[in-house]
Amino acid sequence: MPSAAERTRTLVQSTCSAVLIIPGLDGALPYQLMPDHRSVGPDGEVFLVFPADSPAVRAATHAQDDELNAVLEITDVAPVSVPHRIRGRAWLSGWLTRGPDQVEPGRMVLRLEIGEACVDDLWGADQVEPEDFATAVADPLVEHEAELLQHLHSAHGAEVRSLRELLGERGERTTAGSAAVPVAIDRFGLRVRFTGVQCFDARFDFPEPVRDVNELRYAMHTLFDAAAR
């Protein structure tokens, strides 16, 4: 199971939508507070790229040496059509400052020093210590997850449905009138959402954690072969 810090780091380094919440900043529209790009620095700080004339940049510039509190809220939505599509959220709160340079004409970098963080996702709700976030590593499949899930759903639907054979009696009760949608995948395994009369998630763990897409292919074949037997 991935740690809370790893799950949070994965969300930050994913393509999930994010919005920067700055208390007291009135009049800004939500899209104006959505960074164009985000990354994590060596000390766990989060760098956010905004248009130079954005309300967030103006607020950080105006604050100068004063502490400007802010919260980065990340919302993770499943890349496939499925009931209850929001998979999780993460909140990283801390102090916002303006970077010294433009990354490109018309773009500025803001630095969010993390004071506290939490995640609420398919694994559960957990607090995350800033030190743990700084040393955590994002899941190696994060850059490919959306494409992988969409491919599994469109090209391997029968194989995904066959995984119910690994659920024993619980799988037998879902056969009639139910569908199976791959809703999440990480280095530890695949999560499938079974829908119909009942709606529930089932995790299918890989024999061992995978390190890349090549190892994932072998792990998926192992799962499908086990279901076929």
# chains A, B, ... in the order shown; residues from 1 in each chain; ligands from 1
$ residues_around --residues "Ala158 in chain A" --least-positions-apart "3" --cutoff "12 Å" --atoms "only C-alpha atoms" --output "list of chain:residue names"
A:Leu152, A:His153, A:Ser154, A:Ala155, A:Arg161, A:Ser162, A:Leu163, A:Arg164, A:Glu165, A:Ala179, A:Ala180, A:Val181, A:Pro182, A:Phe224, A:Ala227, A:Ala228
$ write_last_selection --atoms "all heavy atoms" --output "short mmCIF file (atom, residue, chain, number, x, y, z; two decimals), in the first residue's frame"
data_model
loop_
_atom_site.label_atom_id
_atom_site.label_comp_id
_atom_site.auth_asym_id
_atom_site.auth_seq_id
_atom_site.Cartn_x
_atom_site.Cartn_y
_atom_site.Cartn_z
N LEU A 152 -7.08 -0.13 -20.99
CA LEU A 152 -7.67 -1.32 -20.37
C LEU A 152 -9.18 -1.34 -20.55
O LEU A 152 -9.78 -2.39 -20.84
CB LEU A 152 -7.32 -1.36 -18.88
CG LEU A 152 -5.94 -1.84 -18.48
CD1 LEU A 152 -5.72 -1.63 -16.99
CD2 LEU A 152 -5.74 -3.31 -18.84
N HIS A 153 -9.80 -0.18 -20.37
CA HIS A 153 -11.26 -0.10 -20.43
C HIS A 153 -11.77 -0.35 -21.85
O HIS A 153 -12.77 -1.06 -22.05
CB HIS A 153 -11.71 1.27 -19.94
CG HIS A 153 -13.18 1.40 -19.79
ND1 HIS A 153 -13.98 0.41 -19.23
CD2 HIS A 153 -14.04 2.42 -20.11
CE1 HIS A 153 -15.23 0.81 -19.21
NE2 HIS A 153 -15.30 2.02 -19.75
N SER A 154 -11.08 0.20 -22.85
CA SER A 154 -11.58 0.11 -24.22
C SER A 154 -11.13 -1.17 -24.94
O SER A 154 -11.88 -1.71 -25.76
CB SER A 154 -11.11 1.33 -25.03
OG SER A 154 -9.69 1.37 -25.11
N ALA A 155 -9.93 -1.64 -24.65
CA ALA A 155 -9.38 -2.77 -25.41
C ALA A 155 -9.37 -4.09 -24.65
O ALA A 155 -9.22 -5.16 -25.27
CB ALA A 155 -7.96 -2.43 -25.87
N ARG A 161 -13.34 -7.65 -16.76
CA ARG A 161 -14.54 -8.27 -16.16
C ARG A 161 -14.23 -9.65 -15.60
O ARG A 161 -14.82 -10.07 -14.60
CB ARG A 161 -15.65 -8.36 -17.20
CG ARG A 161 -16.30 -7.03 -17.54
CD ARG A 161 -17.57 -7.21 -18.35
NE ARG A 161 -17.30 -7.82 -19.66
CZ ARG A 161 -16.96 -7.14 -20.75
NH1 ARG A 161 -16.84 -5.80 -20.68
NH2 ARG A 161 -16.74 -7.75 -21.90
N SER A 162 -13.30 -10.36 -16.24
CA SER A 162 -12.98 -11.71 -15.79
C SER A 162 -12.33 -11.73 -14.41
O SER A 162 -12.30 -12.77 -13.75
CB SER A 162 -12.05 -12.40 -16.80
OG SER A 162 -10.72 -11.89 -16.72
N LEU A 163 -11.80 -10.58 -13.97
CA LEU A 163 -11.15 -10.54 -12.67
C LEU A 163 -12.11 -10.83 -11.52
O LEU A 163 -11.68 -11.15 -10.41
CB LEU A 163 -10.48 -9.17 -12.46
CG LEU A 163 -9.30 -8.86 -13.38
CD1 LEU A 163 -8.79 -7.46 -13.12
CD2 LEU A 163 -8.17 -9.87 -13.18
N ARG A 164 -13.41 -10.73 -11.80
CA ARG A 164 -14.38 -11.07 -10.75
C ARG A 164 -14.23 -12.53 -10.32
O ARG A 164 -14.65 -12.91 -9.22
CB ARG A 164 -15.81 -10.79 -11.20
CG ARG A 164 -16.29 -11.62 -12.36
CD ARG A 164 -17.82 -11.57 -12.51
NE ARG A 164 -18.34 -10.23 -12.55
CZ ARG A 164 -18.57 -9.53 -13.68
NH1 ARG A 164 -18.31 -10.08 -14.84
NH2 ARG A 164 -19.08 -8.33 -13.63
N GLU A 165 -13.64 -13.37 -11.19
CA GLU A 165 -13.43 -14.77 -10.84
C GLU A 165 -12.47 -14.91 -9.66
O GLU A 165 -12.46 -15.95 -9.00
CB GLU A 165 -12.87 -15.53 -12.04
CG GLU A 165 -13.76 -15.51 -13.27
CD GLU A 165 -15.11 -16.15 -13.01
OE1 GLU A 165 -15.18 -17.08 -12.18
OE2 GLU A 165 -16.11 -15.71 -13.62
N ALA A 179 -21.09 -4.21 -14.40
CA ALA A 179 -19.97 -3.88 -15.27
C ALA A 179 -18.72 -3.78 -14.42
O ALA A 179 -18.78 -3.67 -13.19
CB ALA A 179 -20.24 -2.56 -15.99
N ALA A 180 -17.58 -3.81 -15.08
CA ALA A 180 -16.30 -3.71 -14.37
C ALA A 180 -15.47 -2.64 -15.07
O ALA A 180 -15.18 -2.75 -16.26
CB ALA A 180 -15.57 -5.05 -14.37
N VAL A 181 -15.08 -1.61 -14.32
CA VAL A 181 -14.34 -0.48 -14.88
C VAL A 181 -13.01 -0.33 -14.12
O VAL A 181 -13.02 -0.21 -12.89
CB VAL A 181 -15.15 0.82 -14.78
CG1 VAL A 181 -14.36 1.97 -15.41
CG2 VAL A 181 -16.49 0.67 -15.47
N PRO A 182 -11.88 -0.34 -14.83
CA PRO A 182 -10.60 -0.09 -14.15
C PRO A 182 -10.53 1.36 -13.72
O PRO A 182 -10.54 2.27 -14.56
CB PRO A 182 -9.56 -0.43 -15.23
CG PRO A 182 -10.27 -0.18 -16.52
CD PRO A 182 -11.71 -0.53 -16.27
N PHE A 224 -4.61 -11.61 -15.37
CA PHE A 224 -5.60 -12.13 -16.32
C PHE A 224 -5.50 -13.65 -16.44
O PHE A 224 -6.53 -14.35 -16.54
CB PHE A 224 -5.43 -11.47 -17.69
CG PHE A 224 -5.77 -10.00 -17.71
CD1 PHE A 224 -5.16 -9.14 -18.62
CD2 PHE A 224 -6.71 -9.47 -16.83
CE1 PHE A 224 -5.48 -7.80 -18.65
CE2 PHE A 224 -7.04 -8.12 -16.86
CZ PHE A 224 -6.41 -7.27 -17.76
N ALA A 227 -7.19 -15.23 -13.46
CA ALA A 227 -8.65 -15.19 -13.58
C ALA A 227 -9.15 -16.22 -14.58
O ALA A 227 -10.21 -16.83 -14.38
CB ALA A 227 -9.09 -13.78 -13.99
N ALA A 228 -8.41 -16.43 -15.65
CA ALA A 228 -8.82 -17.40 -16.68
C ALA A 228 -8.79 -18.83 -16.16
O ALA A 228 -9.57 -19.68 -16.61
CB ALA A 228 -7.92 -17.26 -17.90
#
$ select_by_dssp --residues "range 55-190 of chain A" --states "strand (DSSP E or B)" --output "ChimeraX atom specification"
/A:69-77,86-104,107-121,124-128,179-186,189-190
$ closest_atom_pairs --of "range 93-185 of chain A" --to "range 46-49 of chain A" --cutoff "10 Å" --atoms "only C-alpha atoms" --output "tab-separated table"
residue	atom	partner	partner_atom	distance
A:Gly94	CA	A:Val46	CA	9.9
A:Leu96	CA	A:Val46	CA	9.5
A:Thr97	CA	A:Phe47	CA	9.8
A:Arg98	CA	A:Leu48	CA	9.6
A:Gly99	CA	A:Phe47	CA	8.7
A:Gln102	CA	A:Val49	CA	9.2
A:Val103	CA	A:Val49	CA	8.0
A:Glu104	CA	A:Val49	CA	9.9
A:Arg107	CA	A:Val49	CA	6.5
A:Met108	CA	A:Val49	CA	5.6
A:Val109	CA	A:Val49	CA	4.6
A:Leu110	CA	A:Leu48	CA	5.1
A:Arg111	CA	A:Phe47	CA	4.7
A:Leu112	CA	A:Val46	CA	5.1
A:Glu113	CA	A:Val46	CA	6.7
A:Ile114	CA	A:Val46	CA	7.6
A:Ala134	CA	A:Val46	CA	9.7
$ residues_around --residues "range 66-78 of chain A" --least-positions-apart "3" --cutoff "8 Å" --atoms "only C-alpha atoms" --output "ChimeraX atom specification"
/A:11-12,16-23,60,63,81-82,85-97,112,146,183-184
$ residues_around --residues "Arg217 in chain A" --least-positions-apart "3" --cutoff "12 Å" --atoms "only C-alpha atoms" --output "count of residues only"
17
$ decode --residues "range 45-135 of chain A" --atoms "C-alpha atoms" --output "mmCIF file, in the first residue's frame"
data_model
loop_
_atom_site.group_PDB
_atom_site.id
_atom_site.type_symbol
_atom_site.label_atom_id
_atom_site.label_comp_id
_atom_site.auth_asym_id
_atom_site.auth_seq_id
_atom_site.Cartn_x
_atom_site.Cartn_y
_atom_site.Cartn_z
ATOM 1 C CA GLU A 45 8.425 23.007 -1.664
ATOM 2 C CA VAL A 46 5.883 23.187 -4.492
ATOM 3 C CA PHE A 47 6.618 25.496 -7.419
ATOM 4 C CA LEU A 48 3.591 26.879 -9.241
ATOM 5 C CA VAL A 49 3.692 28.651 -12.604
ATOM 6 C CA PHE A 50 1.119 31.383 -13.227
ATOM 7 C CA PRO A 51 0.634 34.152 -15.778
ATOM 8 C CA ALA A 52 2.553 37.203 -14.569
ATOM 9 C CA ASP A 53 -0.658 39.239 -14.264
ATOM 10 C CA SER A 54 -2.601 36.594 -12.314
ATOM 11 C CA PRO A 55 -4.225 37.496 -8.963
ATOM 12 C CA ALA A 56 -1.957 34.947 -7.226
ATOM 13 C CA VAL A 57 1.217 36.630 -8.517
ATOM 14 C CA ARG A 58 -0.101 40.071 -7.605
ATOM 15 C CA ALA A 59 -0.944 38.893 -4.089
ATOM 16 C CA ALA A 60 2.502 37.324 -3.583
ATOM 17 C CA THR A 61 4.211 40.440 -4.940
ATOM 18 C CA HIS A 62 2.197 42.727 -2.696
ATOM 19 C CA ALA A 63 2.918 40.594 0.380
ATOM 20 C CA GLN A 64 6.703 40.772 -0.214
ATOM 21 C CA ASP A 65 8.355 39.821 3.108
ATOM 22 C CA ASP A 66 5.060 39.242 4.933
ATOM 23 C CA GLU A 67 3.769 35.704 5.296
ATOM 24 C CA LEU A 68 1.054 34.962 2.753
ATOM 25 C CA ASN A 69 -0.937 31.869 3.678
ATOM 26 C CA ALA A 70 -2.258 29.713 0.860
ATOM 27 C CA VAL A 71 -3.706 26.263 0.236
ATOM 28 C CA LEU A 72 -3.176 24.186 -2.891
ATOM 29 C CA GLU A 73 -6.228 21.974 -3.439
ATOM 30 C CA ILE A 74 -5.862 19.100 -5.886
ATOM 31 C CA THR A 75 -8.831 17.136 -7.200
ATOM 32 C CA ASP A 76 -8.280 13.712 -8.747
ATOM 33 C CA VAL A 77 -10.948 12.588 -11.234
ATOM 34 C CA ALA A 78 -10.941 9.132 -12.796
ATOM 35 C CA PRO A 79 -9.938 9.297 -16.487
ATOM 36 C CA VAL A 80 -12.649 6.778 -17.406
ATOM 37 C CA SER A 81 -16.413 7.123 -17.156
ATOM 38 C CA VAL A 82 -17.516 5.545 -13.896
ATOM 39 C CA PRO A 83 -19.982 6.297 -11.071
ATOM 40 C CA HIS A 84 -18.531 8.410 -8.253
ATOM 41 C CA ARG A 85 -15.788 9.678 -10.528
ATOM 42 C CA ILE A 86 -13.848 11.807 -8.039
ATOM 43 C CA ARG A 87 -11.106 9.540 -6.722
ATOM 44 C CA GLY A 88 -9.644 11.861 -4.130
ATOM 45 C CA ARG A 89 -8.412 15.250 -3.023
ATOM 46 C CA ALA A 90 -5.274 16.577 -1.417
ATOM 47 C CA TRP A 91 -4.671 19.837 0.409
ATOM 48 C CA LEU A 92 -1.243 21.387 0.924
ATOM 49 C CA SER A 93 -1.168 24.522 3.034
ATOM 50 C CA GLY A 94 1.731 26.812 3.780
ATOM 51 C CA TRP A 95 3.361 30.097 2.858
ATOM 52 C CA LEU A 96 3.452 31.569 -0.615
ATOM 53 C CA THR A 97 6.294 33.692 -1.991
ATOM 54 C CA ARG A 98 7.197 34.939 -5.420
ATOM 55 C CA GLY A 99 10.155 33.447 -7.247
ATOM 56 C CA PRO A 100 12.940 35.739 -8.417
ATOM 57 C CA ASP A 101 12.668 35.140 -12.143
ATOM 58 C CA GLN A 102 10.260 34.583 -14.976
ATOM 59 C CA VAL A 103 10.283 31.050 -16.360
ATOM 60 C CA GLU A 104 9.319 32.439 -19.756
ATOM 61 C CA PRO A 105 7.874 35.718 -21.009
ATOM 62 C CA GLY A 106 4.616 36.413 -19.235
ATOM 63 C CA ARG A 107 4.978 33.583 -16.693
ATOM 64 C CA MET A 108 6.086 33.733 -13.058
ATOM 65 C CA VAL A 109 6.957 31.077 -10.489
ATOM 66 C CA LEU A 110 5.423 31.055 -7.024
ATOM 67 C CA ARG A 111 6.893 28.959 -4.211
ATOM 68 C CA LEU A 112 4.632 27.246 -1.676
ATOM 69 C CA GLU A 113 6.506 26.162 1.446
ATOM 70 C CA ILE A 114 4.470 23.316 2.925
ATOM 71 C CA GLY A 115 3.407 23.600 6.554
ATOM 72 C CA GLU A 116 0.880 20.789 6.594
ATOM 73 C CA ALA A 117 -0.865 18.488 4.161
ATOM 74 C CA CYS A 118 -3.591 15.869 4.025
ATOM 75 C CA VAL A 119 -5.083 13.490 1.499
ATOM 76 C CA ASP A 120 -8.522 11.898 1.220
ATOM 77 C CA ASP A 121 -8.661 9.301 -1.529
ATOM 78 C CA LEU A 122 -9.602 5.718 -2.362
ATOM 79 C CA TRP A 123 -7.184 4.501 0.309
ATOM 80 C CA GLY A 124 -8.661 6.664 3.069
ATOM 81 C CA ALA A 125 -8.033 9.994 4.793
ATOM 82 C CA ASP A 126 -4.592 10.727 6.249
ATOM 83 C CA GLN A 127 -2.441 13.588 7.482
ATOM 84 C CA VAL A 128 0.952 14.057 5.832
ATOM 85 C CA GLU A 129 4.010 15.484 7.557
ATOM 86 C CA PRO A 130 5.966 17.998 5.430
ATOM 87 C CA GLU A 131 9.186 16.030 5.973
ATOM 88 C CA ASP A 132 7.542 12.838 4.708
ATOM 89 C CA PHE A 133 6.158 14.662 1.668
ATOM 90 C CA ALA A 134 9.624 16.039 0.865
ATOM 91 C CA THR A 135 11.243 12.597 0.857
#
